[in-house]
Amino acid sequence: MIGYLIRRVFQAIIVIIGVCAITFILYHLFPGGATSEARIILGPRATPPQIALFLSQNGLNKPIWTQFFILVGHVFTFNLGYSYKLNEPVATIVLQKLPKTVLLLGLSTLLTVIIAIPLGIFQVLRRNRPSDYALTTLSFIFYATPTFFLGIVLIQVFAIHWHLFPPEAPQSASVGQILGDWRALVLPVFTLAAVYIAGFSRYMRSSMMEALTEDYVRTARAKGLSTRRVNYVHALRNALIPIITLLGLTLPAIVSGALITESVFNYPGMGLAFFNAAINNDFPLLIGTVVVAAMATVVGSLLADILYAVLDPRIRYV
Amino acid sequence: MSPNPTLRRLAALGTVVAAAALVLAGCGSSSSPSTTTTSGAAPTRMVKVPGGTMTIAESAAAGPNYIFPMMGGAYFSVANFQLIYLMFRPLYWFGTGYTPDLNPGLSVAKAPVYSNGGKTVTIKMKGYKWSNGETVDAQDVVFWMNLVKADATSWAAYVPGPSQYPGDVTNVVANNAADTVSFTLDAAYSQYWFTYNELSQITPLPIAWDITSAGAAPGSGGCSGAAYTSVTTSMSSTGTFSETSPSAKACAAVYAFLTGRTEAGDLGTYATNPLFQIVDGPFRLSEYDATDNGATVVPNKDYSGPVKASIGALVLAPFTTDTAEFNVLENGKAINIGYVPPQDIPVYKGKAFGPAGPLSGSNNSQLAGIYNLEPAYPWGINYFSLNYTNPTSGPIFKQLYVRQAMQSLMNQNLWIQLFNSGYGSPTYGPVPVFPPTKLATPQESSNPYPYDPGHAKVLLTSHGWKVVPSGVTTCVKPGTAAGECGAGIGKGAQLSFQYLYESGVTAFDNQIRELASSWAQAGIKLQLEPKSFGDVISTAATPCVAAKACPWDIANWGGGWIYSPDYYPTGEEIFASGAGSNFGGYSDPKADALIKATNTSSSLTALYDYENYLAKDLPGIWQPNTQLQLEEVGKNVCGFSPESPLFTWVAEDWYFCKPAK
Amino acid sequence: MIPLTGDLPDKEAILPDVPGMGAELPGVEVTEAGEAGGIGGLGRVIWRVFSENKLALVSIGVIVFMLLFCFVGPHFYVTPQANFVVTSVGQVLAPPSSQHLLGTDPNGYDTVGRLMVGGATALEIALLAAGIATIFGVFFGAISGYAGGAVDAVMMRIVDTVLSVPTLFLLIVIAAILHTSFWLIVFIVALAAWLVPARLIRGETLTLRTREYVQAVRAMGGGGSRIVARHIIPNAVGTIIVNATFQIADAIGLLAALGFLGFGVPAPGTSWGQMLSDGISYAQEGAWWLIYPAGICIILVTVSFNYIGDALRDAFEVRLQRR
């Protein structure tokens, strides 16, 4: 296990360097190079001396390899620098936005799990019957509806027409206050969850179906255990294992997974920070958010693997 | 001056500059009781309700994020001007009613007096007070000038060159006894131009800011007291700027401290930093949220100006998108002053302007009960650039008849009606036609090239092109004689161009589709290519060099040019040969001479000559100015109108009101 | 579909990267002959299970209808407005009438005509992107899994790395570097999608590699490329097809999100997602015909592909038949 972990950490480091390299290369492929980048930041009235100052202040006039090694060094020392546009250290911005997005995604994932697991089981037990068709169709419709459309429809119906919920997410910066304003969380959390539910329930359905065909389930049935007991105890327990690991794999979504929900519900989190950085060519912030996304991906899949090993005794990592 | 991005749906305030379209409100200097403007309703007399917290929507994803008045390029945005000018007043305030005129009442100095053949400018300060008791005096002006001179390249509005600001100012001397400051210029300039475009950029700074560490004695930085001539700098051949004198180094140190990571570089402390509580404007910052750039300002009790704020606080509420803002607006009363996208209000078919200001039709039915619709027209023009430096398409664009054909295929009024609900103003030349001022000539205002597809075809056919409607028009008679295509255009050359435009704005997308369709009538084929605002600008700003693939033919960043904060609409930054923002490299000796005259001659005739020539010579293709802001002003908000076209806020005039009994 | 990298991986995609995990995959029952010879008999079984799912059958009908509507429709429903070079400014935002069955948009295009054009674009992009992603991903995964060792490690780190860069970032930067075009969007959607089949097939390959018949082919001197092409890929065909179906559905969703963010196909082209996101801007004018038809088309097609995928998955999960 220790050897395995060491290997995984090593792999993670390689992946993060790779991510830096991709981001760096793409950024430098930009037509017009660093001068164009400077102009996007400084505005069209930027004159050559202003551009020269910007390039030297940000080390963009150094040789390309030097720039890359400086970047990798900064990333691994968590020195993410200052945003070109937002007048703040990248680390501060990430620390401000990350909890907001984690909260939104956490709540919607929770809602997803609460709805999707029973739904998935139901879909197996009532496979190809009208009630399965109806529920599956509903979950697919939510899945198929573009997020921006769903969000806007929900706002029109529940906020503008019926005045049941506010049209925007809580506007506070602190997690405690955001949670306190629970009514404002309802629509964004549901919008985000609606998309996940179909995915999770489909997964649950498939994994439950598989579990029901396993030998031990058939054995349990043969031993005369009630169908209900077999379904809910033996098969369910095993079917849940992959679901738990799936949760680990939703981690990368903290960067851009909630982008559209954030923008529709006026909730500036990681997604919008990332999007604006990309649109505005704010390289330090961009690399900061991309690295956070990469770390989340790496940590998420590591967690998924470990959980899998812990929960399923048949798996051994060597 | 600055180009500005169009209203956008998502986040992306394309970096740069005066995003005028995104701005919410204009300003007004009148505090007389306002009347509702809803058509049909009889004007209601309103009475003032003092105090209260007023909330104004910030433009989408473009909240203020800078507090120091000498902004670098990355922070040179309308949102920052709005917040900063609430607290730190510029030497001269522009915006009187709905015109961009100098407003003597709101300025901290009396009108400039030109002498010595226009080479000396003397300015008498009004003696306003900073909130720490200091006087807003001549020395504060010198402080600004010294800082700008020593750190020119850090400042967004710096234009290199001898006859540009600040290089054209050879000396600035404060006469403390008389409280006047006199500027010595290197040549005689147009008084209009110097006042509107150069003096307009000065913001006096308190001596308490002349420090290099927190809590140091005011003036200890050694910049405000230095003689302007002792601040010297040099520019190396590689464009590296450096301070060469001790005074210059002192000023650079002060600038570095003020903008460093403990002061203007620390958003989290904006509302608590004692330095930034020293204000001479009608408000001071009381809350600032670094997370989303939301801000709250409260009245400055020591403001010396004519009108003191009567509201209790002004909240600048941040929004991620226009849609999010609209939802909140529609939902009820969370914001007092907001804005709507054009497609969300009924189409208006009336005149844009009356003698009292912009006119409007009926409001969105959901909003009409709570808000009045008040359009605000920006002080700008709109056009898109042709790439004269492109080896293939450049020679075609250099032919005036081609540009005339293109312009004749632009149905500006139709666009305004169709895609902007009737709110917008056509552009016919380099001087804005709306709002009406004495600067626009009748010749320009009459539209030299009205919409006429037939004429466009004739122009092309008569110059040796085979016009193929809905296809591609090709040159069949190359040559430079009359009736031939023109220099540099070979046989078989095609009127087929790559057209970069700003993506993601519904109304603008629709305009561009219409444009492509309209130009196809004369066989001018466009390959449309949406890009982000920043990408369009940076591509267009890079001139093409021979031997390298040229990445663009036509670029449309959607917002044209806003004349702010240099308000005199001369073309030295956009249409002069080699100018920094002359995208596409338009170059015409006569235009250059006329531009020079507008900068040096104090007669308005120079401006008229310039605009009449450029209106006809088409440096770019004029398109409608649809960057106006459609404000939704709460029915209980008075004093907001008239709005200036410069988008700065005179929030001390705003107050809550209710109908008189 | 959480479109932008938040995509929930399909089940198989998330299985940990450990040898042996492929055994957990619902795959095709491998016939002993190995050379995928049993597909014929298997085909009937698959069809039987598939056709048990009535909604999947309806879905096939829906997809066929949509394909006909988008690709054949323009030949029968010809309006000047469907020809998207010329807009008709005389009739903008017109409500449905006998002349324009679903009204017109702000440029005066006929909505039905636009739905055909936009649908053709959306379906072409989705099918091409899913196809390219699947083919590339399958070969990438099969080679990685078959080669094993250092090659596998390097190839999988490439997958991890690309997976770790947000798709949207790739999109924005690539769109800035290159000219926005139909093919660029296909490329970007495929770039986001190939990772899933790659991981999937690698897992499958790892399992198959240890099977007796592969060992036997190897012992008889069969080359690596032959083993991959003739044995491993045919035996993973179920997994590939199921995944490709979901890829198409997800591509349509991603395309809609891109349209909303302003990165759609260049005008005058359009896609359903762009029509929807543009149409929403006109909701205040009561222009329901700009919103619902495009929205319904997206939902119908995406739901249909999902049903088909689900039914296929059940069908390929032959072990279920042992109940």
# chains A, B, ... in the order shown; residues from 1 in each chain; ligands from 1
>>> select_by_dssp(residues="stretch 148-380 of chain B", states="helix (DSSP H, G or I)", output="NGL selection string")
:B and (148-150 or 152-154 or 191-201 or 207-209 or 228-230 or 246-259 or 267-269 or 274-277 or 322-331 or 342-344)
>>> interface_residues(of="chain C", to="chain B", cutoff="12 Å", atoms="only C-alpha atoms", output="PDB file with N, CA and C atoms, in the first residue's frame")
ATOM      1  N   GLN C  81     -35.572  31.810 -46.130  1.00  0.00           N
ATOM      2  CA  GLN C  81     -34.949  32.023 -44.834  1.00  0.00           C
ATOM      3  C   GLN C  81     -34.048  30.874 -44.414  1.00  0.00           C
ATOM      4  N   ASN C  83     -32.065  29.457 -46.346  1.00  0.00           N
ATOM      5  CA  ASN C  83     -30.779  29.762 -46.955  1.00  0.00           C
ATOM      6  C   ASN C  83     -30.153  30.856 -46.110  1.00  0.00           C
ATOM      7  N   PHE C  84     -29.185  30.484 -45.314  1.00  0.00           N
ATOM      8  CA  PHE C  84     -28.823  31.422 -44.271  1.00  0.00           C
ATOM      9  C   PHE C  84     -27.873  32.523 -44.675  1.00  0.00           C
ATOM     10  N   VAL C  85     -27.664  32.678 -45.962  1.00  0.00           N
ATOM     11  CA  VAL C  85     -26.851  33.830 -46.358  1.00  0.00           C
ATOM     12  C   VAL C  85     -27.703  35.093 -46.345  1.00  0.00           C
ATOM     13  N   VAL C  86     -28.949  34.947 -46.741  1.00  0.00           N
ATOM     14  CA  VAL C  86     -29.773  36.138 -46.855  1.00  0.00           C
ATOM     15  C   VAL C  86     -30.795  36.190 -45.731  1.00  0.00           C
ATOM     16  N   THR C  87     -30.686  37.188 -44.901  1.00  0.00           N
ATOM     17  CA  THR C  87     -31.668  37.343 -43.842  1.00  0.00           C
ATOM     18  C   THR C  87     -32.822  38.149 -44.399  1.00  0.00           C
ATOM     19  N   SER C  88     -33.969  37.957 -43.819  1.00  0.00           N
ATOM     20  CA  SER C  88     -35.137  38.677 -44.285  1.00  0.00           C
ATOM     21  C   SER C  88     -35.523  39.682 -43.224  1.00  0.00           C
ATOM     22  N   VAL C  89     -35.020  40.897 -43.374  1.00  0.00           N
ATOM     23  CA  VAL C  89     -35.248  41.872 -42.330  1.00  0.00           C
ATOM     24  C   VAL C  89     -36.675  42.401 -42.322  1.00  0.00           C
ATOM     25  N   GLY C  90     -37.420  42.054 -43.346  1.00  0.00           N
ATOM     26  CA  GLY C  90     -38.807  42.508 -43.362  1.00  0.00           C
ATOM     27  C   GLY C  90     -39.672  41.781 -42.351  1.00  0.00           C
ATOM     28  N   GLN C  91     -39.257  40.582 -41.992  1.00  0.00           N
ATOM     29  CA  GLN C  91     -40.118  39.775 -41.132  1.00  0.00           C
ATOM     30  C   GLN C  91     -39.329  39.252 -39.952  1.00  0.00           C
ATOM     31  N   VAL C  92     -39.070  40.097 -38.996  1.00  0.00           N
ATOM     32  CA  VAL C  92     -38.292  39.628 -37.862  1.00  0.00           C
ATOM     33  C   VAL C  92     -39.205  39.319 -36.696  1.00  0.00           C
ATOM     34  N   LEU C  93     -38.827  38.312 -35.933  1.00  0.00           N
ATOM     35  CA  LEU C  93     -39.556  37.911 -34.735  1.00  0.00           C
ATOM     36  C   LEU C  93     -41.044  37.736 -35.001  1.00  0.00           C
ATOM     37  N   ASP C 105     -36.891  34.426 -36.491  1.00  0.00           N
ATOM     38  CA  ASP C 105     -36.011  34.911 -35.425  1.00  0.00           C
ATOM     39  C   ASP C 105     -35.661  36.388 -35.662  1.00  0.00           C
ATOM     40  N   PRO C 106     -34.812  36.970 -34.827  1.00  0.00           N
ATOM     41  CA  PRO C 106     -34.547  38.408 -34.951  1.00  0.00           C
ATOM     42  C   PRO C 106     -33.917  38.794 -36.283  1.00  0.00           C
ATOM     43  N   ASN C 107     -33.308  37.858 -36.986  1.00  0.00           N
ATOM     44  CA  ASN C 107     -32.763  38.167 -38.300  1.00  0.00           C
ATOM     45  C   ASN C 107     -33.756  37.893 -39.415  1.00  0.00           C
ATOM     46  N   GLY C 108     -34.925  37.388 -39.055  1.00  0.00           N
ATOM     47  CA  GLY C 108     -35.904  37.069 -40.071  1.00  0.00           C
ATOM     48  C   GLY C 108     -35.743  35.686 -40.672  1.00  0.00           C
ATOM     49  N   TYR C 109     -34.850  34.875 -40.108  1.00  0.00           N
ATOM     50  CA  TYR C 109     -34.745  33.487 -40.564  1.00  0.00           C
ATOM     51  C   TYR C 109     -35.973  32.713 -40.126  1.00  0.00           C
ATOM     52  N   LEU C 171     -10.491  24.928 -24.888  1.00  0.00           N
ATOM     53  CA  LEU C 171     -11.342  25.510 -25.907  1.00  0.00           C
ATOM     54  C   LEU C 171     -11.028  26.982 -26.136  1.00  0.00           C
ATOM     55  N   ILE C 172     -10.985  27.736 -25.051  1.00  0.00           N
ATOM     56  CA  ILE C 172     -10.811  29.180 -25.193  1.00  0.00           C
ATOM     57  C   ILE C 172      -9.460  29.486 -25.817  1.00  0.00           C
ATOM     58  N   VAL C 173      -8.445  28.779 -25.348  1.00  0.00           N
ATOM     59  CA  VAL C 173      -7.110  29.086 -25.857  1.00  0.00           C
ATOM     60  C   VAL C 173      -6.976  28.635 -27.307  1.00  0.00           C
ATOM     61  N   ILE C 174      -7.491  27.463 -27.602  1.00  0.00           N
ATOM     62  CA  ILE C 174      -7.380  26.985 -28.980  1.00  0.00           C
ATOM     63  C   ILE C 174      -8.188  27.879 -29.917  1.00  0.00           C
ATOM     64  N   ALA C 175      -9.350  28.317 -29.436  1.00  0.00           N
ATOM     65  CA  ALA C 175     -10.164  29.206 -30.269  1.00  0.00           C
ATOM     66  C   ALA C 175      -9.446  30.521 -30.523  1.00  0.00           C
ATOM     67  N   ALA C 176      -8.610  30.936 -29.565  1.00  0.00           N
ATOM     68  CA  ALA C 176      -7.878  32.188 -29.764  1.00  0.00           C
ATOM     69  C   ALA C 176      -6.723  31.990 -30.737  1.00  0.00           C
ATOM     70  N   ILE C 177      -6.110  30.795 -30.679  1.00  0.00           N
ATOM     71  CA  ILE C 177      -4.937  30.559 -31.516  1.00  0.00           C
ATOM     72  C   ILE C 177      -5.352  30.277 -32.957  1.00  0.00           C
ATOM     73  N   LEU C 178      -6.382  29.464 -33.113  1.00  0.00           N
ATOM     74  CA  LEU C 178      -6.794  29.042 -34.453  1.00  0.00           C
ATOM     75  C   LEU C 178      -8.049  29.798 -34.877  1.00  0.00           C
ATOM     76  N   HIS C 179      -8.398  29.634 -36.142  1.00  0.00           N
ATOM     77  CA  HIS C 179      -9.619  30.240 -36.626  1.00  0.00           C
ATOM     78  C   HIS C 179     -10.808  29.409 -36.177  1.00  0.00           C
ATOM     79  N   THR C 180     -11.810  30.048 -35.619  1.00  0.00           N
ATOM     80  CA  THR C 180     -13.004  29.330 -35.209  1.00  0.00           C
ATOM     81  C   THR C 180     -13.695  28.773 -36.442  1.00  0.00           C
ATOM     82  N   SER C 181     -13.990  27.494 -36.418  1.00  0.00           N
ATOM     83  CA  SER C 181     -14.676  26.907 -37.561  1.00  0.00           C
ATOM     84  C   SER C 181     -15.402  25.656 -37.099  1.00  0.00           C
ATOM     85  N   PHE C 182     -16.194  25.123 -37.997  1.00  0.00           N
ATOM     86  CA  PHE C 182     -16.901  23.876 -37.728  1.00  0.00           C
ATOM     87  C   PHE C 182     -15.919  22.797 -37.263  1.00  0.00           C
ATOM     88  N   LEU C 184     -12.955  23.021 -36.056  1.00  0.00           N
ATOM     89  CA  LEU C 184     -12.299  23.310 -34.788  1.00  0.00           C
ATOM     90  C   LEU C 184     -13.184  22.847 -33.631  1.00  0.00           C
ATOM     91  N   ALA C 257     -23.646  24.167 -24.258  1.00  0.00           N
ATOM     92  CA  ALA C 257     -22.961  24.987 -23.262  1.00  0.00           C
ATOM     93  C   ALA C 257     -21.966  25.925 -23.942  1.00  0.00           C
ATOM     94  N   LEU C 258     -21.278  25.427 -24.949  1.00  0.00           N
ATOM     95  CA  LEU C 258     -20.325  26.277 -25.666  1.00  0.00           C
ATOM     96  C   LEU C 258     -21.048  27.442 -26.334  1.00  0.00           C
ATOM     97  N   GLY C 259     -22.197  27.140 -26.904  1.00  0.00           N
ATOM     98  CA  GLY C 259     -22.980  28.202 -27.532  1.00  0.00           C
ATOM     99  C   GLY C 259     -23.338  29.275 -26.523  1.00  0.00           C
ATOM    100  N   PHE C 260     -23.722  28.852 -25.329  1.00  0.00           N
ATOM    101  CA  PHE C 260     -24.092  29.793 -24.281  1.00  0.00           C
ATOM    102  C   PHE C 260     -22.903  30.669 -23.895  1.00  0.00           C
ATOM    103  N   LEU C 261     -21.724  30.079 -23.890  1.00  0.00           N
ATOM    104  CA  LEU C 261     -20.536  30.826 -23.485  1.00  0.00           C
ATOM    105  C   LEU C 261     -19.969  31.666 -24.620  1.00  0.00           C
ATOM    106  N   GLY C 262     -20.599  31.594 -25.788  1.00  0.00           N
ATOM    107  CA  GLY C 262     -20.138  32.415 -26.902  1.00  0.00           C
ATOM    108  C   GLY C 262     -19.085  31.740 -27.760  1.00  0.00           C
ATOM    109  N   PHE C 263     -18.992  30.429 -27.694  1.00  0.00           N
ATOM    110  CA  PHE C 263     -17.997  29.722 -28.498  1.00  0.00           C
ATOM    111  C   PHE C 263     -18.647  28.731 -29.452  1.00  0.00           C
ATOM    112  N   GLY C 264     -19.690  29.151 -30.097  1.00  0.00           N
ATOM    113  CA  GLY C 264     -20.392  28.241 -30.989  1.00  0.00           C
ATOM    114  C   GLY C 264     -19.819  28.273 -32.385  1.00  0.00           C
ATOM    115  N   VAL C 265     -20.546  27.651 -33.313  1.00  0.00           N
ATOM    116  CA  VAL C 265     -20.125  27.724 -34.714  1.00  0.00           C
ATOM    117  C   VAL C 265     -20.298  29.168 -35.186  1.00  0.00           C
ATOM    118  N   PRO C 266     -19.396  29.630 -36.040  1.00  0.00           N
ATOM    119  CA  PRO C 266     -19.479  31.030 -36.471  1.00  0.00           C
ATOM    120  C   PRO C 266     -20.771  31.303 -37.227  1.00  0.00           C
ATOM    121  N   ALA C 267     -21.296  32.508 -37.062  1.00  0.00           N
ATOM    122  CA  ALA C 267     -22.454  32.938 -37.842  1.00  0.00           C
ATOM    123  C   ALA C 267     -22.036  32.946 -39.313  1.00  0.00           C
ATOM    124  N   PRO C 268     -22.914  32.751 -40.253  1.00  0.00           N
ATOM    125  CA  PRO C 268     -24.347  32.606 -40.058  1.00  0.00           C
ATOM    126  C   PRO C 268     -24.779  31.200 -39.678  1.00  0.00           C
ATOM    127  N   GLY C 269     -23.853  30.278 -39.468  1.00  0.00           N
ATOM    128  CA  GLY C 269     -24.238  28.943 -39.016  1.00  0.00           C
ATOM    129  C   GLY C 269     -24.814  29.005 -37.619  1.00  0.00           C
ATOM    130  N   THR C 270     -25.385  27.909 -37.188  1.00  0.00           N
ATOM    131  CA  THR C 270     -25.912  27.873 -35.831  1.00  0.00           C
ATOM    132  C   THR C 270     -26.030  26.424 -35.410  1.00  0.00           C
ATOM    133  N   GLN C 274     -27.027  26.981 -29.649  1.00  0.00           N
ATOM    134  CA  GLN C 274     -26.903  28.417 -29.863  1.00  0.00           C
ATOM    135  C   GLN C 274     -28.267  29.049 -30.094  1.00  0.00           C
ATOM    136  N   MET C 275     -29.139  28.338 -30.828  1.00  0.00           N
ATOM    137  CA  MET C 275     -30.487  28.872 -31.053  1.00  0.00           C
ATOM    138  C   MET C 275     -31.192  29.057 -29.719  1.00  0.00           C
ATOM    139  N   LEU C 276     -31.019  28.074 -28.839  1.00  0.00           N
ATOM    140  CA  LEU C 276     -31.682  28.143 -27.537  1.00  0.00           C
ATOM    141  C   LEU C 276     -31.128  29.309 -26.732  1.00  0.00           C
ATOM    142  N   SER C 277     -29.800  29.404 -26.685  1.00  0.00           N
ATOM    143  CA  SER C 277     -29.249  30.441 -25.836  1.00  0.00           C
ATOM    144  C   SER C 277     -29.524  31.827 -26.427  1.00  0.00           C
ATOM    145  N   ASP C 278     -29.557  31.945 -27.758  1.00  0.00           N
ATOM    146  CA  ASP C 278     -29.963  33.213 -28.359  1.00  0.00           C
ATOM    147  C   ASP C 278     -31.437  33.484 -28.092  1.00  0.00           C
ATOM    148  N   GLY C 279     -32.231  32.438 -28.219  1.00  0.00           N
ATOM    149  CA  GLY C 279     -33.676  32.598 -28.064  1.00  0.00           C
ATOM    150  C   GLY C 279     -34.057  33.091 -26.685  1.00  0.00           C
ATOM    151  N   ILE C 280     -33.305  32.618 -25.680  1.00  0.00           N
ATOM    152  CA  ILE C 280     -33.619  33.022 -24.313  1.00  0.00           C
ATOM    153  C   ILE C 280     -33.521  34.536 -24.161  1.00  0.00           C
ATOM    154  N   SER C 281     -32.616  35.138 -24.945  1.00  0.00           N
ATOM    155  CA  SER C 281     -32.492  36.598 -24.875  1.00  0.00           C
ATOM    156  C   SER C 281     -33.777  37.293 -25.300  1.00  0.00           C
ATOM    157  N   TYR C 282     -34.604  36.572 -26.049  1.00  0.00           N
ATOM    158  CA  TYR C 282     -35.830  37.197 -26.544  1.00  0.00           C
ATOM    159  C   TYR C 282     -37.071  36.725 -25.789  1.00  0.00           C
ATOM    160  N   ALA C 283     -36.820  36.092 -24.631  1.00  0.00           N
ATOM    161  CA  ALA C 283     -37.947  35.585 -23.850  1.00  0.00           C
ATOM    162  C   ALA C 283     -38.892  36.712 -23.474  1.00  0.00           C
ATOM    163  N   GLN C 284     -38.305  37.896 -23.214  1.00  0.00           N
ATOM    164  CA  GLN C 284     -39.136  39.016 -22.776  1.00  0.00           C
ATOM    165  C   GLN C 284     -40.105  39.467 -23.856  1.00  0.00           C
ATOM    166  N   GLU C 285     -39.784  39.168 -25.100  1.00  0.00           N
ATOM    167  CA  GLU C 285     -40.674  39.560 -26.190  1.00  0.00           C
ATOM    168  C   GLU C 285     -41.764  38.523 -26.378  1.00  0.00           C
ATOM    169  N   GLY C 286     -41.757  37.494 -25.543  1.00  0.00           N
ATOM    170  CA  GLY C 286     -42.753  36.440 -25.679  1.00  0.00           C
ATOM    171  C   GLY C 286     -42.472  35.537 -26.863  1.00  0.00           C
ATOM    172  N   ALA C 287     -41.233  35.528 -27.340  1.00  0.00           N
ATOM    173  CA  ALA C 287     -40.908  34.744 -28.535  1.00  0.00           C
ATOM    174  C   ALA C 287     -40.669  33.286 -28.157  1.00  0.00           C
TER     175      ALA C 287
END
>>> atom_distance(atom1="atom CA of C:Leu206", atom2="atom CA of C:Gly145")
5.4 Å
>>> closest_residue(among="B:Ala352, B:Ala174, B:Leu400, B:Ala150", to="B:Ala253", atoms="only C-alpha atoms")
B:Ala150
>>> closest_residue(among="C:Val151, C:Ile185, C:Leu168, C:Val78", to="chain A", atoms="only C-alpha atoms")
C:Leu168
>>> interface_residues(of="chain A", to="chain C", cutoff="6 Å", atoms="only C-alpha atoms", output="list in words")
Val15, Gly18, Val19, Phe30, Asn128, Phe140, Ala144, Thr145, Ala253, Gly257, Ala294, Thr297 and Asp305 of chain A
>>> residues_around(residues="B:Ala615", least_positions_apart="5", cutoff="8 Å", atoms="only C-alpha atoms", output="list in words")
Tyr428, Gly429, Pro430, Glu444 and Pro448 of chain B
>>> write_last_selection(atoms="all heavy atoms", output="PDB file, in the first residue's frame")
ATOM      1  N   TYR B 428     -21.799  58.637 -38.325  1.00  0.00           N
ATOM      2  CA  TYR B 428     -21.546  59.070 -39.692  1.00  0.00           C
ATOM      3  C   TYR B 428     -20.135  59.607 -39.873  1.00  0.00           C
ATOM      4  O   TYR B 428     -19.738  59.942 -40.979  1.00  0.00           O
ATOM      5  CB  TYR B 428     -22.550  60.161 -40.105  1.00  0.00           C
ATOM      6  CG  TYR B 428     -24.003  59.718 -40.056  1.00  0.00           C
ATOM      7  CD1 TYR B 428     -24.987  60.551 -39.528  1.00  0.00           C
ATOM      8  CD2 TYR B 428     -24.385  58.478 -40.553  1.00  0.00           C
ATOM      9  CE1 TYR B 428     -26.319  60.165 -39.492  1.00  0.00           C
ATOM     10  CE2 TYR B 428     -25.716  58.080 -40.521  1.00  0.00           C
ATOM     11  CZ  TYR B 428     -26.674  58.934 -39.994  1.00  0.00           C
ATOM     12  OH  TYR B 428     -27.990  58.545 -39.961  1.00  0.00           O
ATOM     13  N   GLY B 429     -19.404  59.729 -38.803  1.00  0.00           N
ATOM     14  CA  GLY B 429     -18.076  60.303 -38.899  1.00  0.00           C
ATOM     15  C   GLY B 429     -17.391  60.222 -37.553  1.00  0.00           C
ATOM     16  O   GLY B 429     -17.913  59.583 -36.631  1.00  0.00           O
ATOM     17  N   PRO B 430     -16.225  60.866 -37.420  1.00  0.00           N
ATOM     18  CA  PRO B 430     -15.437  60.695 -36.200  1.00  0.00           C
ATOM     19  C   PRO B 430     -15.965  61.472 -34.991  1.00  0.00           C
ATOM     20  O   PRO B 430     -15.465  61.269 -33.891  1.00  0.00           O
ATOM     21  CB  PRO B 430     -14.054  61.207 -36.611  1.00  0.00           C
ATOM     22  CG  PRO B 430     -14.310  62.173 -37.702  1.00  0.00           C
ATOM     23  CD  PRO B 430     -15.525  61.674 -38.427  1.00  0.00           C
ATOM     24  N   GLU B 444     -21.613  66.212 -41.518  1.00  0.00           N
ATOM     25  CA  GLU B 444     -21.447  64.878 -40.969  1.00  0.00           C
ATOM     26  C   GLU B 444     -22.799  64.305 -40.556  1.00  0.00           C
ATOM     27  O   GLU B 444     -23.129  63.160 -40.848  1.00  0.00           O
ATOM     28  CB  GLU B 444     -20.497  64.905 -39.761  1.00  0.00           C
ATOM     29  CG  GLU B 444     -20.093  63.502 -39.323  1.00  0.00           C
ATOM     30  CD  GLU B 444     -19.628  63.434 -37.875  1.00  0.00           C
ATOM     31  OE1 GLU B 444     -20.193  64.164 -37.027  1.00  0.00           O
ATOM     32  OE2 GLU B 444     -18.738  62.644 -37.587  1.00  0.00           O
ATOM     33  N   PRO B 448     -23.197  61.155 -45.076  1.00  0.00           N
ATOM     34  CA  PRO B 448     -22.665  61.244 -46.451  1.00  0.00           C
ATOM     35  C   PRO B 448     -22.940  59.995 -47.300  1.00  0.00           C
ATOM     36  O   PRO B 448     -23.003  60.098 -48.518  1.00  0.00           O
ATOM     37  CB  PRO B 448     -21.160  61.423 -46.229  1.00  0.00           C
ATOM     38  CG  PRO B 448     -21.018  61.900 -44.826  1.00  0.00           C
ATOM     39  CD  PRO B 448     -22.166  61.347 -44.068  1.00  0.00           C
TER      40      PRO B 448
END
>>> closest_residue(among="B:Ala156, B:Leu386, B:Ala226, B:Ile278", to="chain A", atoms="only C-alpha atoms")
B:Ala156
>>> closest_residue(among="B:Thr259, B:Ser538, B:Ser360, B:Gln627", to="chain A", atoms="only C-alpha atoms")
B:Ser538
>>> atom_distance(atom1="atom CA of B:Phe283", atom2="atom CA of B:Tyr655")
14.0 Å
